[in-house]
file data37.cif (mmCIF, C-alpha atoms)
data_query
#
loop_
_atom_site.group_PDB
_atom_site.id
_atom_site.type_symbol
_atom_site.label_atom_id
_atom_site.label_comp_id
_atom_site.auth_asym_id
_atom_site.auth_seq_id
_atom_site.Cartn_x
_atom_site.Cartn_y
_atom_site.Cartn_z
ATOM 1 C CA MET A 11 -4.022 2.359 14.412
ATOM 2 C CA ASP A 12 -2.496 0.959 11.230
ATOM 3 C CA LYS A 13 0.695 2.886 10.478
ATOM 4 C CA ALA A 14 0.468 1.542 6.914
ATOM 5 C CA ILE A 15 -1.732 4.581 6.215
ATOM 6 C CA LEU A 16 1.410 6.694 6.495
ATOM 7 C CA LYS A 17 3.714 4.202 4.806
ATOM 8 C CA GLU A 18 4.209 4.713 1.098
ATOM 9 C CA HIS A 19 3.399 1.646 -1.016
ATOM 10 C CA ARG A 20 4.341 3.072 -4.388
ATOM 11 C CA ILE A 21 6.345 0.710 -6.595
ATOM 12 C CA HIS A 22 9.637 2.269 -7.681
ATOM 13 C CA GLY A 23 10.997 0.721 -10.852
ATOM 14 C CA ASN A 24 10.279 -3.005 -11.215
ATOM 15 C CA ASP A 25 11.287 -6.350 -9.718
ATOM 16 C CA SER A 26 14.467 -6.614 -11.791
ATOM 17 C CA PHE A 27 15.485 -2.974 -11.290
ATOM 18 C CA PRO A 28 13.783 -1.465 -8.194
ATOM 19 C CA LEU A 29 14.684 2.190 -8.738
ATOM 20 C CA GLY A 30 12.583 5.188 -9.746
ATOM 21 C CA THR A 31 13.429 8.833 -10.442
ATOM 22 C CA TYR A 32 11.022 11.750 -10.134
ATOM 23 C CA THR A 33 10.920 15.496 -10.762
ATOM 24 C CA ILE A 34 8.588 17.567 -8.582
ATOM 25 C CA GLU A 35 7.877 21.279 -8.972
ATOM 26 C CA HIS A 36 6.110 23.464 -6.404
ATOM 27 C CA GLU A 37 5.128 27.100 -6.547
ATOM 28 C CA ALA A 38 5.687 29.472 -3.640
ATOM 29 C CA GLY A 39 3.560 28.563 -0.631
ATOM 30 C CA GLU A 40 2.665 25.075 -1.838
ATOM 31 C CA ASN A 41 3.374 22.087 0.353
ATOM 32 C CA ILE A 42 6.596 20.400 -0.699
ATOM 33 C CA LEU A 43 6.258 16.806 0.479
ATOM 34 C CA ASP A 44 3.628 15.173 2.679
ATOM 35 C CA CYS A 45 4.934 13.412 5.770
ATOM 36 C CA HIS A 46 5.446 9.695 5.059
ATOM 37 C CA TRP A 47 7.986 6.865 5.215
ATOM 38 C CA HIS A 48 9.044 3.862 3.147
ATOM 39 C CA ASP A 49 11.498 0.974 3.201
ATOM 40 C CA GLU A 50 13.536 2.246 0.250
ATOM 41 C CA TRP A 51 16.521 4.589 0.374
ATOM 42 C CA GLU A 52 16.015 8.015 -1.169
ATOM 43 C CA PHE A 53 18.297 10.755 -2.418
ATOM 44 C CA LEU A 54 16.595 14.079 -3.004
ATOM 45 C CA LEU A 55 18.305 16.953 -4.848
ATOM 46 C CA VAL A 56 16.977 20.521 -4.934
ATOM 47 C CA THR A 57 17.463 21.910 -8.447
ATOM 48 C CA ALA A 58 15.668 25.261 -8.046
ATOM 49 C CA GLY A 59 14.552 27.379 -5.104
ATOM 50 C CA LYS A 60 14.763 26.090 -1.557
ATOM 51 C CA ALA A 61 12.747 24.250 1.081
ATOM 52 C CA THR A 62 12.967 22.803 4.567
ATOM 53 C CA PHE A 63 13.067 19.016 4.749
ATOM 54 C CA GLN A 64 12.293 16.997 7.859
ATOM 55 C CA ILE A 65 13.885 13.616 8.559
ATOM 56 C CA ASP A 66 12.481 12.112 11.751
ATOM 57 C CA THR A 67 13.003 14.891 14.319
ATOM 58 C CA ALA A 68 15.649 16.895 12.421
ATOM 59 C CA TYR A 69 15.022 19.775 10.000
ATOM 60 C CA TYR A 70 17.332 20.890 7.189
ATOM 61 C CA PRO A 71 17.072 24.040 5.050
ATOM 62 C CA VAL A 72 18.106 22.863 1.579
ATOM 63 C CA GLU A 73 18.936 25.122 -1.362
ATOM 64 C CA LYS A 74 19.639 24.619 -5.059
ATOM 65 C CA GLY A 75 22.598 22.285 -5.528
ATOM 66 C CA GLN A 76 22.145 20.558 -2.170
ATOM 67 C CA GLY A 77 20.376 17.354 -1.208
ATOM 68 C CA ILE A 78 19.228 15.000 1.512
ATOM 69 C CA PHE A 79 19.468 11.276 2.120
ATOM 70 C CA VAL A 80 16.519 9.408 3.622
ATOM 71 C CA ASN A 81 17.311 6.056 5.198
ATOM 72 C CA SER A 82 14.871 3.159 5.271
ATOM 73 C CA GLY A 83 12.000 3.698 7.693
ATOM 74 C CA CYS A 84 12.663 7.389 8.380
ATOM 75 C CA ILE A 85 9.722 9.742 8.520
ATOM 76 C CA HIS A 86 10.327 12.592 6.097
ATOM 77 C CA ALA A 87 8.498 15.635 4.786
ATOM 78 C CA GLY A 88 9.133 18.935 3.032
ATOM 79 C CA TYR A 89 7.875 22.417 3.856
ATOM 80 C CA PRO A 90 8.109 25.813 2.134
ATOM 81 C CA LEU A 91 11.073 27.953 3.168
ATOM 82 C CA GLN A 92 10.743 31.751 3.114
ATOM 83 C CA ASN A 93 7.791 31.402 0.725
ATOM 84 C CA SER A 94 10.158 30.186 -2.009
ATOM 85 C CA ALA A 95 9.190 28.004 -4.939
ATOM 86 C CA CYS A 96 11.015 24.684 -5.074
ATOM 87 C CA THR A 97 11.891 22.060 -7.653
ATOM 88 C CA TYR A 98 13.530 18.837 -6.550
ATOM 89 C CA ARG A 99 14.480 15.528 -8.088
ATOM 90 C CA ALA A 100 14.294 12.228 -6.245
ATOM 91 C CA ILE A 101 16.012 8.870 -6.654
ATOM 92 C CA VAL A 102 14.185 6.151 -4.725
ATOM 93 C CA PHE A 103 15.442 2.589 -4.698
ATOM 94 C CA ASN A 104 15.560 -0.679 -2.820
ATOM 95 C CA PRO A 105 19.019 -0.763 -1.168
ATOM 96 C CA ASN A 106 19.266 -4.465 -1.987
ATOM 97 C CA LEU A 107 19.963 -3.264 -5.519
ATOM 98 C CA LEU A 108 23.536 -2.722 -4.293
ATOM 99 C CA CYS A 109 23.939 -6.340 -3.190
ATOM 100 C CA SER A 110 25.552 -9.376 -4.768
ATOM 101 C CA THR A 111 23.696 -12.687 -4.858
ATOM 102 C CA SER A 112 26.781 -14.713 -3.921
ATOM 103 C CA PHE A 113 29.484 -14.366 -1.285
ATOM 104 C CA ASP A 114 31.149 -11.000 -1.779
ATOM 105 C CA PRO A 115 33.890 -9.839 0.633
ATOM 106 C CA LEU A 116 33.520 -6.253 -0.607
ATOM 107 C CA GLN A 117 29.821 -6.256 0.170
ATOM 108 C CA ILE A 118 30.504 -7.608 3.657
ATOM 109 C CA LYS A 119 33.155 -4.965 4.270
ATOM 110 C CA PHE A 120 31.586 -1.873 2.699
ATOM 111 C CA ILE A 121 27.870 -2.335 1.973
ATOM 112 C CA ASP A 122 26.404 -4.597 4.651
ATOM 113 C CA PRO A 123 27.184 -2.166 7.517
ATOM 114 C CA PHE A 124 24.884 0.371 5.815
ATOM 115 C CA LEU A 125 22.183 -2.174 4.987
ATOM 116 C CA ASN A 126 22.285 -3.427 8.589
ATOM 117 C CA GLU A 127 22.148 0.196 9.793
ATOM 118 C CA HIS A 128 25.408 0.104 11.727
ATOM 119 C CA TYR A 129 26.373 3.083 9.572
ATOM 120 C CA THR A 130 24.319 5.687 7.760
ATOM 121 C CA LEU A 131 25.024 8.315 5.139
ATOM 122 C CA PRO A 132 24.673 11.989 6.143
ATOM 123 C CA ALA A 133 21.074 13.196 6.050
ATOM 124 C CA PHE A 134 22.058 16.620 4.695
ATOM 125 C CA ILE A 135 24.336 16.724 1.655
ATOM 126 C CA SER A 136 25.543 20.313 1.419
ATOM 127 C CA GLY A 137 28.244 19.742 -1.158
ATOM 128 C CA LYS A 138 30.769 21.360 1.165
ATOM 129 C CA GLU A 139 32.044 18.335 3.093
ATOM 130 C CA ALA A 140 34.652 15.946 1.710
ATOM 131 C CA GLY A 141 33.160 13.647 -0.905
ATOM 132 C CA GLU A 142 29.770 15.367 -0.991
ATOM 133 C CA SER A 143 30.256 17.360 -4.191
ATOM 134 C CA GLU A 144 31.523 14.161 -5.830
ATOM 135 C CA ALA A 145 28.458 12.244 -4.626
ATOM 136 C CA LEU A 146 26.115 14.965 -5.908
ATOM 137 C CA LEU A 147 27.682 14.693 -9.367
ATOM 138 C CA TYR A 148 27.135 10.935 -9.412
ATOM 139 C CA LEU A 149 23.494 11.458 -8.385
ATOM 140 C CA LEU A 150 23.011 13.962 -11.208
ATOM 141 C CA ASN A 151 24.543 11.383 -13.568
ATOM 142 C CA ILE A 152 21.934 8.862 -12.428
ATOM 143 C CA LEU A 153 19.110 11.293 -13.151
ATOM 144 C CA LYS A 154 20.468 11.987 -16.641
ATOM 145 C CA ILE A 155 20.961 8.286 -17.386
ATOM 146 C CA CYS A 156 17.382 7.532 -16.291
ATOM 147 C CA GLU A 157 16.137 10.262 -18.638
ATOM 148 C CA ASP A 158 18.071 9.014 -21.670
ATOM 149 C CA LEU A 159 17.758 5.262 -20.941
ATOM 150 C CA PRO A 160 20.769 4.116 -22.989
ATOM 151 C CA PHE A 161 21.377 0.400 -23.506
ATOM 152 C CA ALA A 162 22.415 -1.258 -20.231
ATOM 153 C CA TYR A 163 21.445 1.892 -18.312
ATOM 154 C CA GLU A 164 20.598 -0.258 -15.285
ATOM 155 C CA LEU A 165 24.193 -1.430 -15.000
ATOM 156 C CA THR A 166 25.493 2.123 -15.325
ATOM 157 C CA VAL A 167 23.070 3.401 -12.683
ATOM 158 C CA LYS A 168 24.092 0.645 -10.254
ATOM 159 C CA ALA A 169 27.733 1.558 -10.827
ATOM 160 C CA GLN A 170 26.973 5.211 -10.101
ATOM 161 C CA LEU A 171 25.150 4.282 -6.882
ATOM 162 C CA LEU A 172 28.187 2.324 -5.744
ATOM 163 C CA LEU A 173 30.348 5.354 -6.549
ATOM 164 C CA VAL A 174 28.046 7.513 -4.423
ATOM 165 C CA LEU A 175 28.514 5.141 -1.501
ATOM 166 C CA ALA A 176 32.269 4.946 -2.115
ATOM 167 C CA SER A 177 32.604 8.748 -2.152
ATOM 168 C CA PHE A 178 31.264 8.916 1.406
ATOM 169 C CA ILE A 179 33.195 5.878 2.645
ATOM 170 C CA LYS A 180 36.614 6.894 1.332
ATOM 171 C CA ASN A 181 36.215 10.400 2.800
ATOM 172 C CA HIS A 182 34.845 9.065 6.116
ATOM 173 C CA THR A 183 31.786 11.310 5.793
ATOM 174 C CA PHE A 184 29.323 8.752 7.140
ATOM 175 C CA HIS A 185 28.040 8.200 10.650
ATOM 176 C CA THR A 186 27.755 5.374 13.110
ATOM 177 C CA LYS A 187 24.051 4.907 13.638
ATOM 178 C CA THR A 188 23.327 4.950 17.350
ATOM 179 C CA ILE A 189 19.650 5.302 18.103
ATOM 180 C CA HIS A 190 18.509 5.687 21.672
ATOM 181 C CA PRO A 191 15.486 3.493 22.507
ATOM 182 C CA MET A 192 13.587 6.666 23.426
ATOM 183 C CA HIS A 193 14.128 8.006 19.902
ATOM 184 C CA ASN A 194 12.684 4.811 18.425
ATOM 185 C CA ARG A 195 9.700 5.046 20.737
ATOM 186 C CA LYS A 196 9.047 8.671 19.798
ATOM 187 C CA ALA A 197 9.368 7.928 16.091
ATOM 188 C CA GLU A 198 6.848 5.090 16.369
ATOM 189 C CA GLN A 199 4.462 7.304 18.350
ATOM 190 C CA LEU A 200 4.745 9.998 15.714
ATOM 191 C CA LYS A 201 4.028 7.497 12.919
ATOM 192 C CA THR A 202 0.904 6.384 14.769
ATOM 193 C CA ILE A 203 -0.272 9.968 15.363
ATOM 194 C CA LEU A 204 0.295 11.079 11.767
ATOM 195 C CA SER A 205 -1.347 7.930 10.417
ATOM 196 C CA PHE A 206 -4.437 8.675 12.504
ATOM 197 C CA ILE A 207 -4.565 12.263 11.209
ATOM 198 C CA HIS A 208 -4.074 11.201 7.582
ATOM 199 C CA GLU A 209 -6.809 8.591 7.889
ATOM 200 C CA ASN A 210 -9.300 10.857 9.676
ATOM 201 C CA TYR A 211 -8.620 14.373 8.347
ATOM 202 C CA SER A 212 -12.057 14.493 6.684
ATOM 203 C CA LYS A 213 -13.746 14.155 10.091
ATOM 204 C CA LYS A 214 -13.706 16.209 13.233
ATOM 205 C CA ILE A 215 -10.552 15.308 15.167
ATOM 206 C CA ASN A 216 -9.973 16.150 18.799
ATOM 207 C CA SER A 217 -6.741 15.763 20.732
ATOM 208 C CA ASN A 218 -8.246 13.217 23.112
ATOM 209 C CA GLU A 219 -8.891 10.813 20.219
ATOM 210 C CA ILE A 220 -5.294 11.159 19.067
ATOM 211 C CA CYS A 221 -3.931 10.668 22.585
ATOM 212 C CA GLN A 222 -5.822 7.402 22.889
ATOM 213 C CA GLN A 223 -3.879 6.034 19.892
ATOM 214 C CA VAL A 224 -0.536 6.351 21.705
ATOM 215 C CA HIS A 225 -1.715 6.241 25.336
ATOM 216 C CA ILE A 226 -0.450 9.659 26.436
ATOM 217 C CA ASN A 227 -2.181 12.563 28.150
ATOM 218 C CA GLU A 228 -3.232 15.697 26.268
ATOM 219 C CA SER A 229 -0.794 18.017 28.009
ATOM 220 C CA TYR A 230 2.203 15.865 27.049
ATOM 221 C CA PHE A 231 0.800 15.248 23.556
ATOM 222 C CA CYS A 232 0.764 18.960 22.643
ATOM 223 C CA ARG A 233 4.366 19.438 23.829
ATOM 224 C CA PHE A 234 5.494 16.222 22.128
ATOM 225 C CA PHE A 235 3.864 17.104 18.812
ATOM 226 C CA LYS A 236 5.256 20.643 18.759
ATOM 227 C CA GLN A 237 8.738 19.306 19.593
ATOM 228 C CA MET A 238 8.613 16.680 16.841
ATOM 229 C CA MET A 239 6.835 18.644 14.095
ATOM 230 C CA ARG A 240 7.553 22.308 14.897
ATOM 231 C CA GLN A 241 3.826 22.905 14.582
ATOM 232 C CA THR A 242 0.881 22.610 16.914
ATOM 233 C CA PRO A 243 -1.468 19.682 16.200
ATOM 234 C CA ILE A 244 -4.149 22.007 14.816
ATOM 235 C CA GLU A 245 -1.610 23.758 12.571
ATOM 236 C CA TYR A 246 -0.515 20.419 11.130
ATOM 237 C CA ILE A 247 -4.088 19.148 10.714
ATOM 238 C CA ASN A 248 -5.115 22.334 8.927
ATOM 239 C CA MET A 249 -2.031 22.228 6.714
ATOM 240 C CA TYR A 250 -2.752 18.634 5.721
ATOM 241 C CA ARG A 251 -6.414 19.424 5.075
ATOM 242 C CA MET A 252 -5.456 22.395 2.898
ATOM 243 C CA ASN A 253 -3.084 20.221 0.879
ATOM 244 C CA MET A 254 -5.895 17.726 0.289
ATOM 245 C CA ALA A 255 -8.242 20.584 -0.654
ATOM 246 C CA ALA A 256 -5.679 21.970 -3.108
ATOM 247 C CA LYS A 257 -5.465 18.580 -4.827
ATOM 248 C CA LEU A 258 -9.247 18.479 -5.169
ATOM 249 C CA LEU A 259 -9.332 22.021 -6.547
ATOM 250 C CA ARG A 260 -6.742 21.046 -9.159
ATOM 251 C CA ASP A 261 -8.204 17.690 -10.088
ATOM 252 C CA ASN A 262 -11.993 18.142 -10.282
ATOM 253 C CA ASP A 263 -14.783 20.694 -10.511
ATOM 254 C CA GLN A 264 -16.483 20.030 -7.172
ATOM 255 C CA LYS A 265 -18.103 23.008 -5.530
ATOM 256 C CA ILE A 266 -15.808 24.712 -3.051
ATOM 257 C CA LEU A 267 -18.342 24.164 -0.276
ATOM 258 C CA ASP A 268 -18.319 20.420 -0.973
ATOM 259 C CA ILE A 269 -14.525 20.377 -0.932
ATOM 260 C CA ALA A 270 -14.523 22.205 2.404
ATOM 261 C CA TRP A 271 -16.850 19.569 3.835
ATOM 262 C CA SER A 272 -14.783 16.717 2.404
ATOM 263 C CA VAL A 273 -11.626 17.902 4.187
ATOM 264 C CA GLY A 274 -13.249 18.393 7.572
ATOM 265 C CA PHE A 275 -14.525 22.014 7.550
ATOM 266 C CA ASP A 276 -18.160 22.861 8.227
ATOM 267 C CA ASN A 277 -17.616 26.625 8.001
ATOM 268 C CA LEU A 278 -16.861 27.925 4.503
ATOM 269 C CA SER A 279 -15.634 31.290 5.715
ATOM 270 C CA TYR A 280 -13.098 29.657 8.053
ATOM 271 C CA PHE A 281 -12.036 27.242 5.301
ATOM 272 C CA ASN A 282 -11.428 30.169 2.917
ATOM 273 C CA SER A 283 -9.437 32.012 5.584
ATOM 274 C CA VAL A 284 -7.180 29.033 6.387
ATOM 275 C CA PHE A 285 -6.686 28.250 2.698
ATOM 276 C CA LYS A 286 -5.707 31.832 1.852
ATOM 277 C CA LYS A 287 -3.257 31.926 4.743
ATOM 278 C CA GLN A 288 -1.451 28.861 3.375
ATOM 279 C CA PHE A 289 -1.619 29.534 -0.374
ATOM 280 C CA GLN A 290 -1.874 33.359 -0.513
ATOM 281 C CA SER A 291 -5.018 33.050 -2.628
ATOM 282 C CA THR A 292 -8.645 32.089 -2.087
ATOM 283 C CA PRO A 293 -9.773 28.609 -3.192
ATOM 284 C CA SER A 294 -11.513 30.047 -6.270
ATOM 285 C CA GLU A 295 -8.423 32.097 -7.192
ATOM 286 C CA TYR A 296 -6.233 29.027 -6.716
ATOM 287 C CA ARG A 297 -8.478 26.921 -8.979
ATOM 288 C CA GLN A 298 -8.507 29.597 -11.697
ATOM 289 C CA LYS A 299 -4.727 29.925 -11.569
ATOM 290 C CA LYS A 300 -4.238 26.158 -11.807
ATOM 291 C CA SER A 301 -6.695 25.846 -14.687
ATOM 292 C CA ARG A 302 -4.675 28.448 -16.611
ATOM 293 C CA ASN A 303 -1.383 26.728 -15.728
ATOM 294 C CA PRO A 304 -2.060 22.982 -15.525
#

call {"tool": "encode", "arguments": {"input": "data37.cif", "output": "structure tokens"}}
result
Amino acid sequence: MDKAILKEHRIHGNDSFPLGTYTIEHEAGENILDCHWHDEWEFLLVTAGKATFQIDTAYYPVEKGQGIFVNSGCIHAGYPLQNSACTYRAIVFNPNLLCSTSFDPLQIKFIDPFLNEHYTLPAFISGKEAGESEALLYLLNILKICEDLPFAYELTVKAQLLLVLASFIKNHTFHTKTIHPMHNRKAEQLKTILSFIHENYSKKINSNEICQQVHINESYFCRFFKQMMRQTPIEYINMYRMNMAAKLLRDNDQKILDIAWSVGFDNLSYFNSVFKKQFQSTPSEYRQKKSRNP
């Protein structure tokens, strides 16, 4: 199974300045962020509402004014929290943006340990620990600069990123990254499993097919998946299918029956029931609401 299905290949920024910023708004009940991973670093700030964000096997409830940091290669996702709406802003960038092209003692001392993953920034940025409120202000500065795009904004943004890193380093609010081999193995298994689901959600999927991808038995698979994702496999598959159906309902005028078929349901009544459970409205109601509020 090609885990590239799960890996994000979006280009953030450009070759000379590999950084992108994004604003994402979700209504109550909508999925926040599909499970995926990428090589870039990401800071994500919640600016309204709240949500639960997953980073590998850890889950963090994040509210307005708080954020998360996603290191390179970490699986991450977002889920509704207490049926709240959520707006968040993301800064995604190649960490090599922080590097010098020539010998730099400061880079060797302060930056390379993070790039080499000897150290890592805290995954949850509450704003309460030393240096965190300072870092959040610098991140907000970056978002504003990338909106206004003043002359030499790239240089200013790079300076702000270095200040973010410095705020954690000088306050010793970073962590030594010690990953047990078993954690690596589980993370790779999860990437393989999720990639298979994302590639095959439009078909019938049974647990035996998934188990064959990672060479484990069905009994262990169900326990493993629930431990890693806090959902049963069928709950996750249905959630992902409903998210794909919601996109189709928003983006085209296909018949609802055809959409149900295209996301792996052969029973329209069951599709309607699962959709309403996730979005608190029927597919037709959801489409009407989205057409009124594009």

call {"tool": "resolve_selection", "arguments": {"input": "data37.cif", "expression": "the PyMOL selection byres ((chain A and resi 87-103) around 7)", "output": "PyMOL selection string"}}
result
chain A and resi 22+28-46+50-65+86+104-105

call {"tool": "write_last_selection", "arguments": {"input": "data37.cif", "atoms": "C-alpha atoms", "output": "mmCIF file, in the frame of the given file"}}
result
data_model
loop_
_atom_site.group_PDB
_atom_site.id
_atom_site.type_symbol
_atom_site.label_atom_id
_atom_site.label_comp_id
_atom_site.auth_asym_id
_atom_site.auth_seq_id
_atom_site.Cartn_x
_atom_site.Cartn_y
_atom_site.Cartn_z
ATOM 1 C CA HIS A 22 9.637 2.269 -7.681
ATOM 2 C CA PRO A 28 13.783 -1.465 -8.194
ATOM 3 C CA LEU A 29 14.684 2.190 -8.738
ATOM 4 C CA GLY A 30 12.583 5.188 -9.746
ATOM 5 C CA THR A 31 13.429 8.833 -10.442
ATOM 6 C CA TYR A 32 11.022 11.750 -10.134
ATOM 7 C CA THR A 33 10.920 15.496 -10.762
ATOM 8 C CA ILE A 34 8.588 17.567 -8.582
ATOM 9 C CA GLU A 35 7.877 21.279 -8.972
ATOM 10 C CA HIS A 36 6.110 23.464 -6.404
ATOM 11 C CA GLU A 37 5.128 27.100 -6.547
ATOM 12 C CA ALA A 38 5.687 29.472 -3.640
ATOM 13 C CA GLY A 39 3.560 28.563 -0.631
ATOM 14 C CA GLU A 40 2.665 25.075 -1.838
ATOM 15 C CA ASN A 41 3.374 22.087 0.353
ATOM 16 C CA ILE A 42 6.596 20.400 -0.699
ATOM 17 C CA LEU A 43 6.258 16.806 0.479
ATOM 18 C CA ASP A 44 3.628 15.173 2.679
ATOM 19 C CA CYS A 45 4.934 13.412 5.770
ATOM 20 C CA HIS A 46 5.446 9.695 5.059
ATOM 21 C CA GLU A 50 13.536 2.246 0.250
ATOM 22 C CA TRP A 51 16.521 4.589 0.374
ATOM 23 C CA GLU A 52 16.015 8.015 -1.169
ATOM 24 C CA PHE A 53 18.297 10.755 -2.418
ATOM 25 C CA LEU A 54 16.595 14.079 -3.004
ATOM 26 C CA LEU A 55 18.305 16.953 -4.848
ATOM 27 C CA VAL A 56 16.977 20.521 -4.934
ATOM 28 C CA THR A 57 17.463 21.910 -8.447
ATOM 29 C CA ALA A 58 15.668 25.261 -8.046
ATOM 30 C CA GLY A 59 14.552 27.379 -5.104
ATOM 31 C CA LYS A 60 14.763 26.090 -1.557
ATOM 32 C CA ALA A 61 12.747 24.250 1.081
ATOM 33 C CA THR A 62 12.967 22.803 4.567
ATOM 34 C CA PHE A 63 13.067 19.016 4.749
ATOM 35 C CA GLN A 64 12.293 16.997 7.859
ATOM 36 C CA ILE A 65 13.885 13.616 8.559
ATOM 37 C CA HIS A 86 10.327 12.592 6.097
ATOM 38 C CA ASN A 104 15.560 -0.679 -2.820
ATOM 39 C CA PRO A 105 19.019 -0.763 -1.168
#

call {"tool": "closest_residue", "arguments": {"input": "data37.cif", "among": "A:Gly83, A:Leu108, A:Asp49, A:Phe27", "to": "A:Glu164", "atoms": "only C-alpha atoms"}}
result
A:Phe27

call {"tool": "axis_aligned_box", "arguments": {"input": "data37.cif", "around": "stretch 235-240 of chain A", "padding_each_side": "4 Å", "output": "JSON"}}
result
{"center_x": 6.3, "center_y": 19.5, "center_z": 16.8, "size_x": 12.9, "size_y": 13.6, "size_z": 13.5}

call {"tool": "residues_around", "arguments": {"input": "data37.cif", "residues": "A:Val167", "least_positions_apart": "2", "cutoff": "8 Å", "atoms": "all atoms listed in the file", "output": "mmCIF file with C-alpha atoms, keeping the file's coordinate frame"}}
result
data_model
loop_
_atom_site.group_PDB
_atom_site.id
_atom_site.type_symbol
_atom_site.label_atom_id
_atom_site.label_comp_id
_atom_site.auth_asym_id
_atom_site.auth_seq_id
_atom_site.Cartn_x
_atom_site.Cartn_y
_atom_site.Cartn_z
ATOM 1 C CA ILE A 152 21.934 8.862 -12.428
ATOM 2 C CA ILE A 155 20.961 8.286 -17.386
ATOM 3 C CA CYS A 156 17.382 7.532 -16.291
ATOM 4 C CA TYR A 163 21.445 1.892 -18.312
ATOM 5 C CA GLU A 164 20.598 -0.258 -15.285
ATOM 6 C CA LEU A 165 24.193 -1.430 -15.000
ATOM 7 C CA ALA A 169 27.733 1.558 -10.827
ATOM 8 C CA GLN A 170 26.973 5.211 -10.101
ATOM 9 C CA LEU A 171 25.150 4.282 -6.882
#

call {"tool": "closest_residue", "arguments": {"input": "data37.cif", "among": "A:Thr166, A:Ser205, A:Lys196, A:Ser112", "to": "A:Leu153", "atoms": "all atoms listed in the file"}}
result
A:Thr166

call {"tool": "residues_around", "arguments": {"input": "data37.cif", "residues": "stretch 292-301 of chain A", "least_positions_apart": "4", "cutoff": "7 Å", "atoms": "only C-alpha atoms", "output": "PyMOL selection string"}}
result
chain A and resi 259-260+282+285-286

call {"tool": "closest_residue", "arguments": {"input": "data37.cif", "among": "A:Phe113, A:Phe161, A:Phe79, A:Phe120", "to": "A:Leu149", "atoms": "only C-alpha atoms"}}
result
A:Phe79

call {"tool": "resolve_selection", "arguments": {"input": "data37.cif", "expression": "the PyMOL selection byres ((chain A and resi 141) around 10)", "output": "PDB file with C-alpha atoms, in the coordinates of the input"}}
result
ATOM      1  CA  ILE A 135      24.336  16.724   1.655  1.00  0.00           C
ATOM      2  CA  GLY A 137      28.244  19.742  -1.158  1.00  0.00           C
ATOM      3  CA  LYS A 138      30.769  21.360   1.165  1.00  0.00           C
ATOM      4  CA  GLU A 139      32.044  18.335   3.093  1.00  0.00           C
ATOM      5  CA  ALA A 140      34.652  15.946   1.710  1.00  0.00           C
ATOM      6  CA  GLU A 142      29.770  15.367  -0.991  1.00  0.00           C
ATOM      7  CA  SER A 143      30.256  17.360  -4.191  1.00  0.00           C
ATOM      8  CA  GLU A 144      31.523  14.161  -5.830  1.00  0.00           C
ATOM      9  CA  ALA A 145      28.458  12.244  -4.626  1.00  0.00           C
ATOM     10  CA  LEU A 146      26.115  14.965  -5.908  1.00  0.00           C
ATOM     11  CA  VAL A 174      28.046   7.513  -4.423  1.00  0.00           C
ATOM     12  CA  LEU A 175      28.514   5.141  -1.501  1.00  0.00           C
ATOM     13  CA  ALA A 176      32.269   4.946  -2.115  1.00  0.00           C
ATOM     14  CA  SER A 177      32.604   8.748  -2.152  1.00  0.00           C
ATOM     15  CA  PHE A 178      31.264   8.916   1.406  1.00  0.00           C
ATOM     16  CA  ILE A 179      33.195   5.878   2.645  1.00  0.00           C
ATOM     17  CA  LYS A 180      36.614   6.894   1.332  1.00  0.00           C
ATOM     18  CA  ASN A 181      36.215  10.400   2.800  1.00  0.00           C
ATOM     19  CA  HIS A 182      34.845   9.065   6.116  1.00  0.00           C
ATOM     20  CA  THR A 183      31.786  11.310   5.793  1.00  0.00           C
TER      21      THR A 183
END

call {"tool": "closest_residue", "arguments": {"input": "data37.cif", "among": "A:Asn151, A:Ser212, A:Thr242, A:Gln199", "to": "A:Val224", "atoms": "all atoms listed in the file"}}
result
A:Gln199

call {"tool": "closest_residue", "arguments": {"input": "data37.cif", "among": "A:Ser291, A:Met238, A:Phe281, A:Asn216", "to": "A:Tyr69", "atoms": "all atoms listed in the file"}}
result
A:Met238

call {"tool": "atom_distance", "arguments": {"input": "data37.cif", "atom1": "atom CA of A:Ile247", "atom2": "atom CA of A:Tyr211"}}
result
7.0 Å

call {"tool": "closest_residue", "arguments": {"input": "data37.cif", "among": "A:Tyr70, A:Phe289, A:Phe134, A:Phe206", "to": "A:Met252", "atoms": "all atoms listed in the file"}}
result
A:Phe289

call {"tool": "atom_distance", "arguments": {"input": "data37.cif", "atom1": "atom CA of A:Asp122", "atom2": "atom CA of A:Leu147"}}
result
23.9 Å

call {"tool": "atom_distance", "arguments": {"input": "data37.cif", "atom1": "atom CA of A:His128", "atom2": "atom CA of A:Ser82"}}
result
12.7 Å

call {"tool": "residues_around", "arguments": {"input": "data37.cif", "residues": "A:Asp268", "least_positions_apart": "6", "cutoff": "12 Å", "atoms": "only C-alpha atoms", "output": "PDB file with C-alpha atoms, keeping the file's coordinate frame"}}
result
ATOM      1  CA  SER A 212     -12.057  14.493   6.684  1.00  0.00           C
ATOM      2  CA  ALA A 255      -8.242  20.584  -0.654  1.00  0.00           C
ATOM      3  CA  LEU A 258      -9.247  18.479  -5.169  1.00  0.00           C
ATOM      4  CA  LEU A 259      -9.332  22.021  -6.547  1.00  0.00           C
ATOM      5  CA  ASN A 262     -11.993  18.142 -10.282  1.00  0.00           C
ATOM      6  CA  GLY A 274     -13.249  18.393   7.572  1.00  0.00           C
ATOM      7  CA  PHE A 275     -14.525  22.014   7.550  1.00  0.00           C
ATOM      8  CA  ASP A 276     -18.160  22.861   8.227  1.00  0.00           C
ATOM      9  CA  ASN A 277     -17.616  26.625   8.001  1.00  0.00           C
ATOM     10  CA  LEU A 278     -16.861  27.925   4.503  1.00  0.00           C
ATOM     11  CA  PHE A 281     -12.036  27.242   5.301  1.00  0.00           C
TER      12      PHE A 281
END
